[in-house]
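Chemist: Sharing a structure here in structure tokens format.
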Amino acid sequence: MSKKEVVKRYLIFLVGLFINSFGVSFITKASLGTSPISSIPYTLSLGFKPTLGMFTLYMSIILIVIQIILLRKKFPKEYLLQIPVSIVFSWFIDLTMELLSFMKPDTYLLQMASLLVGCAILGVGVYMEMAADVVMLPGESFVKAVCVTFDTDFGKTKVVFDSSMTIIAAVIGFIMFHELKGVREGTVIAALLVGMVARFLSRKLAFLEAYIKEESEVLEEEETLDTNRMVITVSREFGSNGRKIAQKLAEELGFTYYDRSIISNTAKEGNMTEEFVEAKEQTMTNSLLYDLFSQYQAIKEEETKLDKLYEIETKIIKEAAAKGNSVIVGRCADYILKDMKNCYNIFLFASEDYKVKEVMERDHLDQESALKKVREFNKKRFTHYKYYTGRVWGLSKNYNLCLDVSTLGVDQTVALIKHYINEVKSQEKVIEKVS
């Protein structure tokens with residue numbers, strides 16, 4: 001990483017830190033509670049003289065000390081950067097609280113509007129910190145230390161940590177004021193919305209991360225995608241015979257077929273079992289929990305297993321596309337390769353009766369069990385695709401060709417795709433001659 005990139009990353013991080021503090025202050029001024037991580041400092045600031053910023057600093061120092069106790073010799077020296085970051089963040093909070101001193105929403109409607117605006121601001125700050133990827137805030141670093149020490153999942157531990165902060169703040173409020181103060185519905189709303197905003201921005205503002213990266217890195221990625229080779233991605237409803245069609249298509253075109261090989265390569269690179277990859281690669285059991293996991297700074301090396309799995313598969317799919325003409329099945333490949341010039345995206349669907357009959361014969365299930373399996377798998381694929389791409393799975397505008405397998409059958413579907421590809425090739429040759 002060059003000095004120029006380091007400077008860019010830290011500048012974006014500092015701007016994100018300020019926006020983060022502005023969001024916290026904006027939420028706090030709504031008087032409906034504050035974000036979970038700030039709930040204890042905020043509750044204490046209501047009853048004692050030190051400011052919200054100062055109590056935030058005290059809490060950060062406590063979390064850093066606990067990290068040192070937990071990790072001991074394993075405590076990385078770079079983690080000490082949390083100290084100056086905490087000082088700056090605390091100062092930013094007091095500064096923004098002062099800047100917003102005029103803000104006193106006097107109706108519940110104005111309070112709720114202020115809360116929602118604050119969540120949006122905080123989400124922007126969180127995203128910028130994520131994009132910069134340089135320093136962890138004490139809350140995330142503390143969670144990571146717990147995960148390393150007790151071998152727990154980062155996402156679940158983060159949710160427990162935030163929940164604990166909220167509960168402790170509520171208890172402190174009852175002890176000090178004999179009523180619930182500092183923790184209200186705004187705390188819960190902030191916990192739900194901020195992660196959603198940050199994750200939405202991470203999908204929509206990819207240009208910021210491209211700006212941060214070295215030009216050589218960006219060019220390398222573009223060279224991987226801008227190739228003369230042809231790639232066909234096949235997205236399919238469960239039970240539509242999509243895999244069989246994709247495999248036959250690859251054979252008849254002489255293209256390399258990628259499906260199970262992606263699973264084995266992902267398992268190898270991610271140090272996972274193939275069984276785990278196959279079971280989890282298109283599973284999204286609760287996207288709301290995943291938005292909760294992405295609160296504040298989403299640490300790349302401690303992402304959830306499903307996020308890590310998706311990242312590895314993305315890398316493998318791009319590498320496969322760069323090797324030669326290929327047919328790639330599922331796994332959001334149409335979105336992953338959206339910037340590739342010669343990539344054609346096919347979506348295969350079928351009637352429910354067709355899919356149920358196919359699953360009954362293939363998996364030796366009765367009609368009721370097959371119907372349940374078809375609906376569950378397609379719902380998971382829809383949610384998984386929506387979560388990682390922000391698009392609607394199966395929506396025609398996202399694909400070059402959508403075909404009803406139940407009407408056409410396997411052979412005719414393959415023939416139509418081949419005809420489409422041949423027409424594309426013919427048009428390209430005409431364009432080349434003209435130019």
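Residues are referred to by chain and number: the chain letter is A, B, ... according to the order shown in the structure tokens, the number counts from 1 in that chain, and ligands are numbered separately from 1 in the order shown.
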Counting only C-alpha atoms, what is within 8 Å of region 403-418 of chain A, bar same-chain residues fewer than 2 positions away, as a ChimeraX atom specification?

Modeler: /A:240-241,244-246,248-249,253,346-351,354,401,420-422

Chemist: Save out the residues we just selected, N, CA, C and O atoms, as a short mmCIF file (atom, residue, chain, number, x, y, z; two decimals), in the first residue's frame.

Modeler:
```cif
data_model
loop_
_atom_site.label_atom_id
_atom_site.label_comp_id
_atom_site.auth_asym_id
_atom_site.auth_seq_id
_atom_site.Cartn_x
_atom_site.Cartn_y
_atom_site.Cartn_z
N SER A 240 -36.09 -26.33 -11.82
CA SER A 240 -36.32 -25.99 -13.24
C SER A 240 -35.38 -26.73 -14.18
O SER A 240 -35.38 -26.48 -15.39
N ASN A 241 -34.56 -27.62 -13.65
CA ASN A 241 -33.58 -28.36 -14.46
C ASN A 241 -32.46 -27.46 -14.98
O ASN A 241 -31.81 -27.78 -15.98
N LYS A 244 -28.92 -29.08 -15.29
CA LYS A 244 -28.84 -30.00 -16.43
C LYS A 244 -28.71 -29.22 -17.74
O LYS A 244 -27.92 -29.57 -18.63
N ILE A 245 -29.48 -28.14 -17.86
CA ILE A 245 -29.46 -27.31 -19.07
C ILE A 245 -28.10 -26.63 -19.23
O ILE A 245 -27.52 -26.60 -20.32
N ALA A 246 -27.59 -26.08 -18.12
CA ALA A 246 -26.29 -25.38 -18.16
C ALA A 246 -25.17 -26.34 -18.56
O ALA A 246 -24.28 -25.99 -19.36
N LYS A 248 -25.42 -29.18 -20.30
CA LYS A 248 -25.57 -29.57 -21.70
C LYS A 248 -25.17 -28.43 -22.63
O LYS A 248 -24.54 -28.64 -23.68
N LEU A 249 -25.52 -27.20 -22.25
CA LEU A 249 -25.15 -26.03 -23.03
C LEU A 249 -23.63 -25.90 -23.14
O LEU A 249 -23.10 -25.65 -24.23
N LEU A 253 -21.47 -26.16 -26.68
CA LEU A 253 -20.73 -24.98 -27.11
C LEU A 253 -19.21 -25.17 -26.98
O LEU A 253 -18.44 -24.37 -27.52
N ILE A 346 -28.54 -15.57 -18.34
CA ILE A 346 -29.76 -16.32 -18.63
C ILE A 346 -30.48 -16.63 -17.32
O ILE A 346 -29.84 -17.00 -16.33
N PHE A 347 -31.80 -16.47 -17.31
CA PHE A 347 -32.58 -16.89 -16.15
C PHE A 347 -33.60 -17.93 -16.60
O PHE A 347 -34.35 -17.73 -17.55
N LEU A 348 -33.61 -19.08 -15.90
CA LEU A 348 -34.50 -20.18 -16.22
C LEU A 348 -35.55 -20.33 -15.12
O LEU A 348 -35.22 -20.40 -13.94
N PHE A 349 -36.81 -20.36 -15.52
CA PHE A 349 -37.89 -20.55 -14.57
C PHE A 349 -38.84 -21.63 -15.09
O PHE A 349 -38.69 -22.12 -16.22
N ALA A 350 -39.78 -22.02 -14.27
CA ALA A 350 -40.73 -23.06 -14.67
C ALA A 350 -41.98 -22.96 -13.81
O ALA A 350 -41.98 -22.31 -12.75
N SER A 351 -43.03 -23.60 -14.26
CA SER A 351 -44.27 -23.62 -13.48
C SER A 351 -44.04 -24.42 -12.21
O SER A 351 -43.14 -25.26 -12.13
N TYR A 354 -44.27 -28.20 -12.69
CA TYR A 354 -43.07 -28.77 -13.32
C TYR A 354 -41.96 -28.95 -12.29
O TYR A 354 -41.31 -30.00 -12.23
N LEU A 401 -31.75 -12.98 -21.25
CA LEU A 401 -32.73 -13.94 -21.75
C LEU A 401 -33.38 -14.67 -20.59
O LEU A 401 -32.70 -15.18 -19.71
N TYR A 420 -29.36 -17.88 -29.54
CA TYR A 420 -29.12 -16.51 -29.07
C TYR A 420 -27.64 -16.18 -29.10
O TYR A 420 -27.23 -15.12 -29.60
N ILE A 421 -26.81 -17.09 -28.58
CA ILE A 421 -25.36 -16.87 -28.54
C ILE A 421 -24.79 -16.77 -29.95
O ILE A 421 -23.94 -15.91 -30.23
N ASN A 422 -25.25 -17.62 -30.85
CA ASN A 422 -24.77 -17.58 -32.24
C ASN A 422 -25.15 -16.26 -32.91
O ASN A 422 -24.36 -15.70 -33.69
#
```

Chemist: Assign secondary structure with DSSP using the backbone only, and return the residues of region 31-110 of chain A in alpha helix (DSSP H) as a count of residues only.

Modeler: 50

Chemist: May I have the residues within 10 Å of Ser60 (chain A) as a list in words, using only C-alpha atoms and disregarding those fewer than 5 positions away in the same chain?

Modeler: Pro41, Met54, Phe55, Val65, Ile66, Gln82, Ile83, Val85, Ser86, Ile87, Ser90, Leu137, Pro138, Gly139 and Phe142 of chain A

Chemist: List as a list in words the protein and nucleic acid residues near Tyr42 (chain A), meaning an atom at most 8 Å away when only C-alpha atoms are counted, but skip any in the same chain fewer than 3 places from it.

Modeler: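 Final neighbour list, sorted by chain and number: Thr34, Ser38, Ser39, Ser45, Leu46, Leu52, Phe55 and Gly182 of chain A.
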